[in-house]
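Source file: coords-v5.cif (mmCIF, C-alpha atoms)
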data_data
#
loop_
_atom_site.label_atom_id
_atom_site.label_comp_id
_atom_site.auth_asym_id
_atom_site.auth_seq_id
_atom_site.Cartn_x
_atom_site.Cartn_y
_atom_site.Cartn_z
CA MET A 1 0.00 0.00 0.00
CA ARG A 2 1.34 3.42 -0.94
CA THR A 3 -0.36 6.01 1.22
CA ARG A 4 2.51 8.50 0.94
CA LEU A 5 1.17 10.64 3.74
CA ALA A 6 2.84 14.04 3.67
CA SER A 7 3.74 16.02 6.75
CA LEU A 8 2.40 19.51 7.34
CA ALA A 9 5.90 20.85 6.75
CA LEU A 10 5.96 19.23 3.33
CA VAL A 11 2.56 20.72 2.50
CA ALA A 12 3.87 24.16 3.40
CA VAL A 13 6.85 23.66 1.09
CA ILE A 14 4.60 22.42 -1.71
CA LEU A 15 2.29 25.41 -1.48
CA ALA A 16 5.09 27.90 -0.96
CA SER A 17 6.70 26.72 -4.17
CA SER A 18 3.62 27.61 -6.19
CA PRO A 19 4.37 30.20 -8.87
CA ALA A 20 2.11 33.10 -9.62
CA CYS A 21 -0.75 32.19 -11.89
CA SER A 22 0.39 32.40 -15.50
CA ALA A 23 -1.24 31.70 -18.79
CA ALA A 24 -0.97 28.06 -19.79
CA ARG A 25 0.94 27.27 -22.93
CA ALA A 26 -1.12 26.31 -25.93
CA ASN A 27 -0.65 22.72 -27.02
CA GLY A 28 -1.25 23.20 -30.69
CA GLY A 29 -4.96 22.52 -30.58
CA ASP A 30 -7.09 19.76 -29.15
CA GLU A 31 -5.75 16.24 -29.38
CA ASP A 32 -7.31 12.79 -29.11
CA THR A 33 -4.81 9.98 -28.69
CA ARG A 34 -5.99 6.46 -27.96
CA VAL A 35 -3.56 5.50 -25.22
CA GLY A 36 -5.12 2.26 -24.00
CA ARG A 37 -8.05 0.04 -24.77
CA GLY A 38 -9.88 -2.58 -22.77
CA ASN A 39 -9.54 -6.18 -23.84
CA ALA A 40 -13.16 -7.22 -23.61
CA PRO A 41 -16.17 -5.95 -25.56
CA SER A 42 -19.56 -5.51 -23.95
CA ALA A 43 -22.00 -8.38 -23.58
CA GLU A 44 -23.77 -7.07 -26.66
CA GLY A 45 -20.55 -7.23 -28.67
CA GLY A 46 -20.09 -3.47 -28.77
CA ALA A 47 -16.95 -1.36 -28.68
CA VAL A 48 -14.12 -2.05 -26.26
CA ALA A 49 -13.27 0.38 -23.47
CA GLU A 50 -10.90 3.26 -24.23
CA PHE A 51 -8.74 5.43 -21.97
CA LEU A 52 -8.02 8.43 -24.16
CA GLU A 53 -5.40 11.14 -23.73
CA ARG A 54 -6.62 14.55 -24.85
CA SER A 55 -5.85 18.23 -24.46
CA ILE A 56 -7.83 21.43 -24.73
CA SER A 57 -6.92 25.04 -25.37
CA SER A 58 -9.45 27.62 -24.19
CA GLU A 59 -9.52 31.35 -23.53
CA ALA A 60 -8.71 30.63 -19.89
CA GLY A 61 -5.76 28.37 -20.66
CA ALA A 62 -4.73 24.91 -21.82
CA ARG A 63 -4.67 21.57 -20.02
CA SER A 64 -4.39 17.88 -20.80
CA TYR A 65 -6.96 15.39 -19.62
CA ARG A 66 -7.74 11.69 -19.78
CA LEU A 67 -11.14 10.34 -20.76
CA TYR A 68 -12.46 6.87 -20.01
CA VAL A 69 -15.13 5.59 -22.38
CA PRO A 70 -16.67 2.33 -21.12
CA GLY A 71 -16.88 -0.78 -23.23
CA GLY A 72 -20.04 -1.08 -25.27
CA TYR A 73 -20.50 2.65 -25.72
CA ASP A 74 -21.81 3.20 -29.24
CA GLY A 75 -23.25 6.70 -28.95
CA GLY A 76 -26.76 5.36 -28.98
CA GLY A 77 -27.79 6.58 -25.54
CA ASP A 78 -27.08 9.43 -23.15
CA LEU A 79 -24.65 8.46 -20.38
CA PRO A 80 -23.67 10.32 -17.19
CA LEU A 81 -20.26 11.98 -16.89
CA ILE A 82 -18.07 12.21 -13.78
CA VAL A 83 -15.20 14.72 -13.73
CA MET A 84 -12.42 13.57 -11.37
CA LEU A 85 -9.82 16.04 -10.04
CA HIS A 86 -6.55 14.61 -8.70
CA GLY A 87 -4.55 15.86 -5.73
CA CYS A 88 -1.03 17.30 -5.48
CA THR A 89 1.79 15.25 -7.07
CA GLN A 90 -0.75 13.01 -8.80
CA ASN A 91 -1.70 12.79 -12.45
CA ALA A 92 -4.79 11.52 -14.21
CA ALA A 93 -3.60 7.94 -14.70
CA ASP A 94 -2.46 7.65 -11.09
CA PHE A 95 -5.78 8.99 -9.79
CA ALA A 96 -7.75 6.66 -12.05
CA ALA A 97 -5.76 3.67 -10.80
CA GLY A 98 -6.13 4.62 -7.14
CA THR A 99 -9.85 5.33 -7.21
CA ARG A 100 -10.79 2.48 -9.59
CA MET A 101 -13.43 4.80 -10.99
CA ASN A 102 -12.98 3.33 -14.47
CA LEU A 103 -14.10 -0.08 -13.20
CA LEU A 104 -17.23 1.49 -11.76
CA ALA A 105 -17.76 3.27 -15.09
CA GLU A 106 -18.13 -0.15 -16.69
CA GLU A 107 -20.83 -1.06 -14.18
CA GLY A 108 -22.65 2.26 -14.62
CA PRO A 109 -22.11 2.76 -17.40
CA PHE A 110 -20.78 6.31 -17.45
CA LEU A 111 -17.85 8.30 -18.83
CA VAL A 112 -15.05 9.65 -16.63
CA ALA A 113 -12.92 12.73 -17.41
CA TYR A 114 -9.68 13.39 -15.51
CA PRO A 115 -8.41 16.96 -15.99
CA GLU A 116 -4.68 17.14 -15.35
CA GLN A 117 -2.73 19.92 -13.70
CA GLY A 118 0.64 20.54 -15.33
CA GLU A 119 3.94 21.24 -13.62
CA THR A 120 4.12 24.55 -15.51
CA ASN A 121 1.01 25.65 -13.63
CA HIS A 122 2.12 24.31 -10.25
CA PRO A 123 5.44 22.51 -9.60
CA GLN A 124 3.69 19.88 -7.47
CA ARG A 125 0.65 19.57 -9.77
CA CYS A 126 -1.66 21.14 -7.17
CA TRP A 127 -4.77 22.93 -8.36
CA ASN A 128 -4.48 26.60 -7.37
CA TRP A 129 -7.60 26.56 -5.21
CA TYR A 130 -6.25 29.15 -2.75
CA ASP A 131 -5.66 31.83 -5.40
CA PRO A 132 -8.61 34.25 -5.86
CA ALA A 133 -7.86 34.18 -9.61
CA HIS A 134 -9.12 30.58 -9.56
CA GLN A 135 -12.22 31.04 -7.41
CA ALA A 136 -14.62 32.68 -9.86
CA HIS A 137 -16.85 31.82 -12.81
CA GLY A 138 -15.45 32.37 -16.28
CA ARG A 139 -11.74 32.54 -15.54
CA GLY A 140 -8.77 30.56 -14.34
CA GLU A 141 -8.82 26.87 -13.62
CA PRO A 142 -12.59 26.67 -13.03
CA ALA A 143 -13.15 27.93 -16.57
CA ILE A 144 -10.65 25.41 -17.96
CA ILE A 145 -12.25 22.49 -16.13
CA ALA A 146 -15.68 23.65 -17.27
CA ALA A 147 -14.38 23.82 -20.85
CA ILE A 148 -13.11 20.24 -20.60
CA THR A 149 -16.47 19.16 -19.24
CA ARG A 150 -18.34 20.84 -22.07
CA GLU A 151 -15.99 19.45 -24.70
CA VAL A 152 -16.76 15.92 -23.55
CA MET A 153 -20.47 16.75 -23.46
CA SER A 154 -20.26 17.96 -27.05
CA ALA A 155 -18.20 15.04 -28.35
CA TYR A 156 -20.25 12.27 -26.72
CA ARG A 157 -23.88 11.54 -25.95
CA ILE A 158 -23.91 12.79 -22.36
CA ASN A 159 -26.98 13.17 -20.16
CA ARG A 160 -26.72 16.89 -19.42
CA ARG A 161 -28.72 16.48 -16.21
CA ARG A 162 -26.21 13.94 -14.89
CA VAL A 163 -22.78 15.56 -14.95
CA TYR A 164 -20.82 15.42 -11.69
CA VAL A 165 -17.50 16.53 -10.23
CA ALA A 166 -15.32 14.94 -7.52
CA GLY A 167 -11.78 15.16 -6.20
CA ILE A 168 -9.33 14.62 -3.36
CA SER A 169 -7.36 17.19 -1.36
CA ALA A 170 -6.49 20.05 -3.76
CA GLY A 171 -8.77 18.31 -6.27
CA GLY A 172 -11.55 18.00 -3.70
CA ILE A 173 -11.28 21.69 -2.94
CA MET A 174 -11.38 22.46 -6.66
CA ALA A 175 -14.42 20.20 -7.05
CA VAL A 176 -16.23 22.30 -4.46
CA THR A 177 -15.02 25.40 -6.30
CA MET A 178 -16.61 24.03 -9.48
CA ALA A 179 -19.89 23.58 -7.61
CA ALA A 180 -19.80 27.22 -6.53
CA THR A 181 -18.69 28.63 -9.87
CA TYR A 182 -20.72 26.35 -12.19
CA PRO A 183 -23.76 25.12 -10.23
CA ASP A 184 -25.75 24.97 -13.46
CA LEU A 185 -23.26 22.54 -15.03
CA TYR A 186 -22.81 19.94 -12.29
CA ALA A 187 -25.67 18.01 -10.71
CA ALA A 188 -23.75 17.08 -7.53
CA VAL A 189 -20.26 17.30 -6.03
CA ALA A 190 -17.98 15.04 -3.99
CA SER A 191 -15.16 16.34 -1.78
CA HIS A 192 -12.60 13.94 -0.29
CA SER A 193 -10.21 15.48 2.26
CA GLY A 194 -11.23 19.02 1.31
CA VAL A 195 -11.79 22.41 2.92
CA PRO A 196 -14.48 25.13 2.70
CA PHE A 197 -14.84 27.13 -0.50
CA ALA A 198 -12.80 30.35 -0.81
CA ALA A 199 -11.60 30.11 2.79
CA ALA A 200 -8.04 30.99 1.75
CA GLY A 201 -6.72 33.74 -0.49
CA SER A 202 -2.98 33.14 -0.31
CA VAL A 203 -0.40 30.43 0.29
CA GLY A 204 -0.03 31.38 3.95
CA GLU A 205 -3.78 31.31 4.53
CA ALA A 206 -4.00 27.94 2.79
CA VAL A 207 -1.39 26.37 5.08
CA THR A 208 -3.15 27.72 8.18
CA LEU A 209 -6.52 26.58 6.87
CA MET A 210 -5.36 23.01 6.27
CA ARG A 211 -3.73 22.80 9.68
CA GLU A 212 -6.26 24.63 11.88
CA GLY A 213 -9.50 24.93 9.94
CA SER A 214 -11.24 28.02 8.64
CA LEU A 215 -11.14 31.29 10.55
CA LEU A 216 -14.11 32.69 8.61
CA ARG A 217 -17.32 33.42 10.46
CA SER A 218 -19.97 30.96 9.31
CA HIS A 219 -22.23 33.53 7.65
CA GLU A 220 -19.30 35.12 5.83
CA ALA A 221 -18.30 31.69 4.55
CA ALA A 222 -21.84 31.08 3.26
CA ARG A 223 -21.95 34.54 1.69
CA ARG A 224 -18.92 33.70 -0.44
CA VAL A 225 -20.73 30.67 -1.85
CA LEU A 226 -23.90 32.63 -2.58
CA GLU A 227 -22.11 35.57 -4.19
CA THR A 228 -20.06 33.26 -6.39
CA MET A 229 -23.13 31.31 -7.48
CA GLY A 230 -24.93 34.56 -8.27
CA GLU A 231 -28.09 34.15 -10.32
CA ARG A 232 -27.22 30.50 -10.90
CA ARG A 233 -27.51 29.70 -7.20
CA ARG A 234 -29.24 26.48 -6.24
CA VAL A 235 -28.95 23.65 -3.73
CA ILE A 236 -26.25 21.41 -5.19
CA PRO A 237 -26.09 18.01 -3.44
CA MET A 238 -22.76 17.27 -1.78
CA ILE A 239 -21.04 14.20 -0.36
CA ALA A 240 -17.94 14.86 1.74
CA ILE A 241 -15.51 12.19 2.95
CA HIS A 242 -12.58 12.73 5.31
CA GLY A 243 -10.13 10.71 7.38
CA ALA A 244 -10.38 11.49 11.07
CA ALA A 245 -6.62 10.90 11.36
CA ASP A 246 -5.66 13.11 8.40
CA PRO A 247 -2.34 14.82 9.27
CA VAL A 248 -2.35 17.07 6.20
CA VAL A 249 -5.87 18.51 6.06
CA ASN A 250 -7.50 18.72 9.48
CA ALA A 251 -10.82 16.86 9.44
CA MET A 252 -12.59 19.85 10.99
CA ASN A 253 -12.38 21.40 7.52
CA THR A 254 -15.00 19.01 6.17
CA GLN A 255 -17.35 19.84 9.05
CA GLN A 256 -16.85 23.53 8.28
CA LEU A 257 -17.36 22.87 4.57
CA ILE A 258 -20.74 21.27 5.27
CA GLY A 259 -21.70 24.07 7.65
CA GLN A 260 -20.82 26.64 4.99
CA TRP A 261 -23.00 25.02 2.35
CA MET A 262 -25.90 24.22 4.70
CA LEU A 263 -26.11 27.92 5.58
CA ALA A 264 -26.04 28.77 1.88
CA TYR A 265 -28.78 26.20 1.22
CA ALA A 266 -30.90 27.72 3.98
CA ASP A 267 -30.63 31.10 2.28
CA ILE A 268 -31.71 29.54 -1.03
CA GLU A 269 -34.46 27.21 0.21
CA GLY A 270 -35.46 28.77 3.52
CA PRO A 271 -37.05 26.49 6.15
CA ALA A 272 -37.17 23.57 3.70
CA VAL A 273 -33.54 22.85 4.63
CA ARG A 274 -33.06 20.70 7.69
CA SER A 275 -29.83 20.32 9.58
CA ILE A 276 -28.13 16.97 10.10
CA SER A 277 -31.09 14.70 10.80
CA SER A 278 -29.68 11.18 10.76
CA THR A 279 -26.37 9.61 11.71
CA ASP A 280 -25.28 6.01 11.20
CA ALA A 281 -22.13 4.14 12.12
CA GLY A 282 -20.46 1.14 10.57
CA GLY A 283 -17.18 -0.46 9.67
CA THR A 284 -15.33 -2.37 7.01
CA GLU A 285 -14.06 -5.94 7.17
CA SER A 286 -10.53 -4.58 7.37
CA GLY A 287 -11.32 -2.76 10.59
CA TYR A 288 -11.82 0.96 9.82
CA THR A 289 -15.00 2.33 11.33
CA TYR A 290 -16.93 5.31 10.03
CA ARG A 291 -19.78 7.67 10.84
CA VAL A 292 -22.11 8.96 8.15
CA SER A 293 -24.45 11.90 8.71
CA ARG A 294 -27.16 13.10 6.35
CA ALA A 295 -29.07 16.33 5.90
CA TYR A 296 -32.13 16.94 3.77
CA THR A 297 -33.80 19.65 1.76
CA GLY A 298 -37.32 19.33 0.47
CA GLY A 299 -37.36 15.66 1.44
CA ALA A 300 -34.28 14.78 -0.65
CA GLY A 301 -30.87 13.91 0.75
CA ALA A 302 -28.81 16.99 -0.07
CA VAL A 303 -25.73 16.29 2.03
CA GLU A 304 -23.79 13.26 3.25
CA VAL A 305 -20.74 13.45 5.50
CA TRP A 306 -18.51 10.39 5.93
CA MET A 307 -15.89 10.53 8.70
CA VAL A 308 -13.58 7.50 8.55
CA GLU A 309 -11.72 6.70 11.76
CA ASP A 310 -7.97 5.97 11.49
CA LEU A 311 -7.89 7.09 7.84
CA GLY A 312 -5.10 9.52 6.99
CA HIS A 313 -4.68 11.70 3.92
CA ALA A 314 -5.71 9.02 1.45
CA TRP A 315 -8.59 7.97 -0.80
CA SER A 316 -10.74 5.72 1.37
CA GLY A 317 -11.04 2.17 0.03
CA GLY A 318 -8.71 2.96 -2.85
CA SER A 319 -6.39 0.64 -4.72
CA PRO A 320 -2.68 0.36 -3.80
CA GLU A 321 -2.03 0.73 -7.54
CA GLY A 322 -2.44 4.49 -7.02
CA THR A 323 -0.86 6.98 -4.62
CA TYR A 324 -2.60 8.46 -1.57
CA THR A 325 -4.92 5.49 -1.11
CA ASP A 326 -5.88 3.25 1.81
CA PRO A 327 -7.84 0.09 0.96
CA ARG A 328 -8.88 -0.37 4.60
CA GLY A 329 -11.45 2.42 4.49
CA VAL A 330 -15.01 2.43 3.20
CA ASP A 331 -15.16 2.35 -0.61
CA ALA A 332 -15.32 6.09 -1.32
CA SER A 333 -15.64 5.64 -5.08
CA ARG A 334 -18.65 3.37 -4.79
CA GLU A 335 -20.34 5.63 -2.22
CA ILE A 336 -19.75 8.67 -4.43
CA VAL A 337 -21.28 6.94 -7.45
CA ARG A 338 -24.24 5.81 -5.34
CA PHE A 339 -24.78 9.39 -4.16
CA PHE A 340 -24.47 10.81 -7.66
CA ASN A 341 -27.03 8.32 -8.95
CA MET A 342 -29.55 9.85 -6.54
CA HIS A 343 -29.29 13.33 -8.03
CA ALA A 344 -29.81 15.08 -11.35
CA LEU A 345 -30.10 18.69 -12.44
CA PRO A 346 -33.68 19.99 -12.35
#

Using structure tokens, write down the structure from this file.
Amino acid sequence: MRTRLASLALVAVILASSPACSAARANGGDEDTRVGRGNAPSAEGGAVAEFLERSISSEAGARSYRLYVPGGYDGGGDLPLIVMLHGCTQNAADFAAGTRMNLLAEEGPFLVAYPEQGETNHPQRCWNWYDPAHQAHGRGEPAIIAAITREVMSAYRINRRRVYVAGISAGGIMAVTMAATYPDLYAAVASHSGVPFAAAGSVGEAVTLMREGSLLRSHEAARRVLETMGERRRVIPMIAIHGAADPVVNAMNTQQLIGQWMLAYADIEGPAVRSISSTDAGGTESGYTYRVSRAYTGGAGAVEVWMVEDLGHAWSGGSPEGTYTDPRGVDASREIVRFFNMHALP
């Protein structure tokens, strides 16, 4: 198992080494390279699975991404799309291996896009979630990720009501950022080992936030979500997963994240939003226990919070084939897909 748990000192070095935001280099236009293919067609004898390597150049910048197309896809029906955002030091292939999301895509079926942060944009491949230039609609990395999402939606038969975004650590924070900046694009969001939206505006604030939690007053935190959503504001369902023993991102951040969004939901929906109304506990065969809490709005489950005891800074239930994973935790990928299946855009 390769958990590769970083110390707080290492996180500080990683963030401190981040360069100022600069325009991404164009890659000579969009590309579509068939990197790998599955070895088994669907039961109906359809196409084999493909794990494509692509790139996009948009007004906001250029990035590479990987796209998994499940076996049997023939363009004859609309499939869901999940956008997966990796953490620091990871890349798309590593994140796909660790989360095993491509295997679940075969069961779905659904497509999976993995936007990739380049070393020219951050030396440790972190998404620049703590930079205000990347916390707004229509610019920076949110605009690039949205452009990747829309490119896949245009190139394939995608169910536009069932497009989702998820990530871990820096990717989990950026997933939440996508929910705030593009709530009309994504039906639901998953944050693993994340922090509240726009709770940091500099490297120093980011390090303090990860270590100690947010210093924002709760209503100010909610206001930042609402102002960013603007006229597109809506209740966007969220599942948040965190390791109670995380030494890199303090687990209180996920509690504050949920509090931030529940206050925003209350402003949007009024008394229809109920606070945490049910809590269950359980465990895995390997020994990790967990607590899951749920909140509701209008009778639908809008929020789930999974706190996994003894889990560090790692994808819960992930494969040792990828970095920052711990197979002893609850299967985060499967729980995320289950949650996403419950929700669609209005």

Pull the neighbourhood of (-12.4, 17.4, 4.4) for me: all residues within 7 Å in file coordinates, counting all atoms listed in the file, as a compact mmCIF listing (two decimals) with C-alpha atoms, in the frame of the given file.
# COMPACT_ATOMS: atom_id res chain seq x y z
CA SER A 191 -15.16 16.34 -1.78
CA HIS A 192 -12.60 13.94 -0.29
CA SER A 193 -10.21 15.48 2.26
CA GLY A 194 -11.23 19.02 1.31
CA VAL A 195 -11.79 22.41 2.92
CA ALA A 240 -17.94 14.86 1.74
CA ILE A 241 -15.51 12.19 2.95
CA HIS A 242 -12.58 12.73 5.31
CA VAL A 249 -5.87 18.51 6.06
CA ALA A 251 -10.82 16.86 9.44
CA ASN A 253 -12.38 21.40 7.52
CA THR A 254 -15.00 19.01 6.17

Skip Val189 in chain A itself and residues of its chain fewer than 6 positions away, then list as a PyMOL selection string all residues within 10 Å of it, counting all atoms listed in the file.
chain A and resi 82-83+163-167+172+175-180+183+236-240+303+336+339-340

Could you write out that same residue set with C-alpha atoms as a short mmCIF file (atom, residue, chain, number, x, y, z; two decimals), in the coordinates of the input?
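The result, stored in again.cif:
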data_model
loop_
_atom_site.label_atom_id
_atom_site.label_comp_id
_atom_site.auth_asym_id
_atom_site.auth_seq_id
_atom_site.Cartn_x
_atom_site.Cartn_y
_atom_site.Cartn_z
CA ILE A 82 -18.07 12.21 -13.78
CA VAL A 83 -15.20 14.72 -13.73
CA VAL A 163 -22.78 15.56 -14.95
CA TYR A 164 -20.82 15.42 -11.69
CA VAL A 165 -17.50 16.53 -10.23
CA ALA A 166 -15.32 14.94 -7.52
CA GLY A 167 -11.78 15.16 -6.20
CA GLY A 172 -11.55 18.00 -3.70
CA ALA A 175 -14.42 20.20 -7.05
CA VAL A 176 -16.23 22.30 -4.46
CA THR A 177 -15.02 25.40 -6.30
CA MET A 178 -16.61 24.03 -9.48
CA ALA A 179 -19.89 23.58 -7.61
CA ALA A 180 -19.80 27.22 -6.53
CA PRO A 183 -23.76 25.12 -10.23
CA ILE A 236 -26.25 21.41 -5.19
CA PRO A 237 -26.09 18.01 -3.44
CA MET A 238 -22.76 17.27 -1.78
CA ILE A 239 -21.04 14.20 -0.36
CA ALA A 240 -17.94 14.86 1.74
CA VAL A 303 -25.73 16.29 2.03
CA ILE A 336 -19.75 8.67 -4.43
CA PHE A 339 -24.78 9.39 -4.16
CA PHE A 340 -24.47 10.81 -7.66
#

Residues within 10 Å of Ala264 in chain A, all atoms listed in the file, excluding chain neighbours under 4 positions, as a list in words
Ser218, His219, Ala221, Ala222, Arg223, Arg224, Val225, Leu226, Glu227, Arg233, Arg234, Val235, Ile258, Gly259, Gln260, Ile268, Glu269, Gly270 and Val273 of chain A

For range 137-148 of chain A, please output as a ChimeraX atom specification all residues within 7 Å (counting all atoms listed in the file; exclusion window: fewer than 3 positions along the same chain).
/A:56,58,60-61,115,133-134,151-152,178,181-182

Figure out the distance between CA of Asn91 in chain A and CA of Thr120 in chain A, please, to one decimal in Å.
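These two atoms are separated by 13.5 Å.
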
Find the distance between CA of Ala244 in chain A and CA of Ala314 in chain A and write it in Å to one decimal.
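Going from CA of Ala244 in chain A over to CA of Ala314 in chain A covers 11.0 Å.
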
CA of Ser64 in chain A to CA of Gly118 in chain A, distance in Å rounded to a single decimal
7.9 Å

Report as number ranges by chain all protein, DNA and RNA residues lying within 7 Å of Gln135 in chain A, evaluated on all atoms listed in the file, omitting residues in the same chain fewer than 3 positions from it.
A: 129, 131-132, 177, 198

Could you state which residues are captured by the PyMOL selection byres ((chain A and resi 124) around 7) in this file, as a ChimeraX atom specification?
/A:14,88-89,119,122-123,125-126

Excluding range 96-104 of chain A and residues on its chain fewer than 5 positions from it, collect all residues at most 12 Å away from it, counting only C-alpha atoms, and give them as JSON, numbers by chain.
{"A": [1, 2, 3, 37, 38, 49, 50, 51, 65, 66, 67, 68, 69, 70, 71, 81, 82, 83, 84, 85, 86, 87, 90, 91, 109, 110, 111, 112, 113, 114, 115, 116, 166, 167, 168, 192, 314, 315, 316, 317, 318, 319, 320, 321, 322, 323, 324, 325, 326, 327, 330, 331, 332, 333, 334, 335, 336, 337, 338]}

Measuring atom to atom with only C-alpha atoms, identify which of A:Leu216, A:Met262, A:Met210, A:Ile158 is nearest to Val248 in chain A.
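Once distances to Val248 in chain A are computed over only C-alpha atoms, the minimum belongs to A:Met210.
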
Kindly write range 300-323 of chain A with N, CA and C atoms to a file, as a PDB file, in the first residue's frame.
ATOM      1  N   ALA A 300     -35.353  15.500   0.048  1.00  0.00           N
ATOM      2  CA  ALA A 300     -34.284  14.784  -0.653  1.00  0.00           C
ATOM      3  C   ALA A 300     -32.977  14.907   0.127  1.00  0.00           C
ATOM      4  N   GLY A 301     -32.159  13.870   0.069  1.00  0.00           N
ATOM      5  CA  GLY A 301     -30.871  13.912   0.748  1.00  0.00           C
ATOM      6  C   GLY A 301     -29.917  14.839   0.022  1.00  0.00           C
ATOM      7  N   ALA A 302     -29.653  16.000   0.599  1.00  0.00           N
ATOM      8  CA  ALA A 302     -28.806  16.987  -0.068  1.00  0.00           C
ATOM      9  C   ALA A 302     -27.349  16.866   0.324  1.00  0.00           C
ATOM     10  N   VAL A 303     -27.090  16.321   1.510  1.00  0.00           N
ATOM     11  CA  VAL A 303     -25.726  16.292   2.034  1.00  0.00           C
ATOM     12  C   VAL A 303     -25.465  14.961   2.732  1.00  0.00           C
ATOM     13  N   GLU A 304     -24.282  14.401   2.475  1.00  0.00           N
ATOM     14  CA  GLU A 304     -23.793  13.260   3.246  1.00  0.00           C
ATOM     15  C   GLU A 304     -22.372  13.566   3.694  1.00  0.00           C
ATOM     16  N   VAL A 305     -22.073  13.247   4.951  1.00  0.00           N
ATOM     17  CA  VAL A 305     -20.737  13.447   5.501  1.00  0.00           C
ATOM     18  C   VAL A 305     -20.233  12.111   6.036  1.00  0.00           C
ATOM     19  N   TRP A 306     -19.120  11.642   5.489  1.00  0.00           N
ATOM     20  CA  TRP A 306     -18.508  10.394   5.926  1.00  0.00           C
ATOM     21  C   TRP A 306     -17.203  10.712   6.641  1.00  0.00           C
ATOM     22  N   MET A 307     -17.119  10.363   7.935  1.00  0.00           N
ATOM     23  CA  MET A 307     -15.890  10.530   8.700  1.00  0.00           C
ATOM     24  C   MET A 307     -15.340   9.140   8.999  1.00  0.00           C
ATOM     25  N   VAL A 308     -14.161   8.843   8.457  1.00  0.00           N
ATOM     26  CA  VAL A 308     -13.579   7.505   8.549  1.00  0.00           C
ATOM     27  C   VAL A 308     -12.474   7.507   9.605  1.00  0.00           C
ATOM     28  N   GLU A 309     -12.694   6.770  10.679  1.00  0.00           N
ATOM     29  CA  GLU A 309     -11.716   6.704  11.762  1.00  0.00           C
ATOM     30  C   GLU A 309     -10.425   6.037  11.279  1.00  0.00           C
ATOM     31  N   ASP A 310      -9.299   6.530  11.762  1.00  0.00           N
ATOM     32  CA  ASP A 310      -7.967   5.973  11.486  1.00  0.00           C
ATOM     33  C   ASP A 310      -7.486   6.202  10.056  1.00  0.00           C
ATOM     34  N   LEU A 311      -8.307   6.797   9.209  1.00  0.00           N
ATOM     35  CA  LEU A 311      -7.885   7.091   7.839  1.00  0.00           C
ATOM     36  C   LEU A 311      -7.070   8.373   7.816  1.00  0.00           C
ATOM     37  N   GLY A 312      -5.933   8.338   7.132  1.00  0.00           N
ATOM     38  CA  GLY A 312      -5.103   9.523   6.992  1.00  0.00           C
ATOM     39  C   GLY A 312      -5.461  10.305   5.744  1.00  0.00           C
ATOM     40  N   HIS A 313      -4.451  10.894   5.119  1.00  0.00           N
ATOM     41  CA  HIS A 313      -4.681  11.703   3.920  1.00  0.00           C
ATOM     42  C   HIS A 313      -4.616  10.780   2.712  1.00  0.00           C
ATOM     43  N   ALA A 314      -5.697  10.047   2.486  1.00  0.00           N
ATOM     44  CA  ALA A 314      -5.708   9.017   1.455  1.00  0.00           C
ATOM     45  C   ALA A 314      -7.139   8.754   1.010  1.00  0.00           C
ATOM     46  N   TRP A 315      -7.276   8.314  -0.249  1.00  0.00           N
ATOM     47  CA  TRP A 315      -8.591   7.966  -0.800  1.00  0.00           C
ATOM     48  C   TRP A 315      -9.089   6.705  -0.107  1.00  0.00           C
ATOM     49  N   SER A 316     -10.206   6.829   0.591  1.00  0.00           N
ATOM     50  CA  SER A 316     -10.743   5.719   1.371  1.00  0.00           C
ATOM     51  C   SER A 316     -11.153   4.558   0.468  1.00  0.00           C
ATOM     52  N   GLY A 317     -10.683   3.350   0.811  1.00  0.00           N
ATOM     53  CA  GLY A 317     -11.040   2.171   0.031  1.00  0.00           C
ATOM     54  C   GLY A 317     -10.377   2.095  -1.320  1.00  0.00           C
ATOM     55  N   GLY A 318      -9.355   2.916  -1.551  1.00  0.00           N
ATOM     56  CA  GLY A 318      -8.712   2.962  -2.855  1.00  0.00           C
ATOM     57  C   GLY A 318      -7.765   1.797  -3.092  1.00  0.00           C
ATOM     58  N   SER A 319      -7.286   1.716  -4.312  1.00  0.00           N
ATOM     59  CA  SER A 319      -6.387   0.642  -4.718  1.00  0.00           C
ATOM     60  C   SER A 319      -4.935   1.023  -4.450  1.00  0.00           C
ATOM     61  N   PRO A 320      -4.111   0.071  -3.985  1.00  0.00           N
ATOM     62  CA  PRO A 320      -2.684   0.356  -3.802  1.00  0.00           C
ATOM     63  C   PRO A 320      -1.952   0.602  -5.112  1.00  0.00           C
ATOM     64  N   GLU A 321      -2.635   0.423  -6.241  1.00  0.00           N
ATOM     65  CA  GLU A 321      -2.030   0.727  -7.537  1.00  0.00           C
ATOM     66  C   GLU A 321      -1.859   2.229  -7.740  1.00  0.00           C
ATOM     67  N   GLY A 322      -2.558   3.038  -6.932  1.00  0.00           N
ATOM     68  CA  GLY A 322      -2.439   4.488  -7.020  1.00  0.00           C
ATOM     69  C   GLY A 322      -1.869   5.073  -5.741  1.00  0.00           C
ATOM     70  N   THR A 323      -1.408   6.310  -5.797  1.00  0.00           N
ATOM     71  CA  THR A 323      -0.862   6.978  -4.619  1.00  0.00           C
ATOM     72  C   THR A 323      -1.983   7.582  -3.782  1.00  0.00           C
TER      73      THR A 323
END
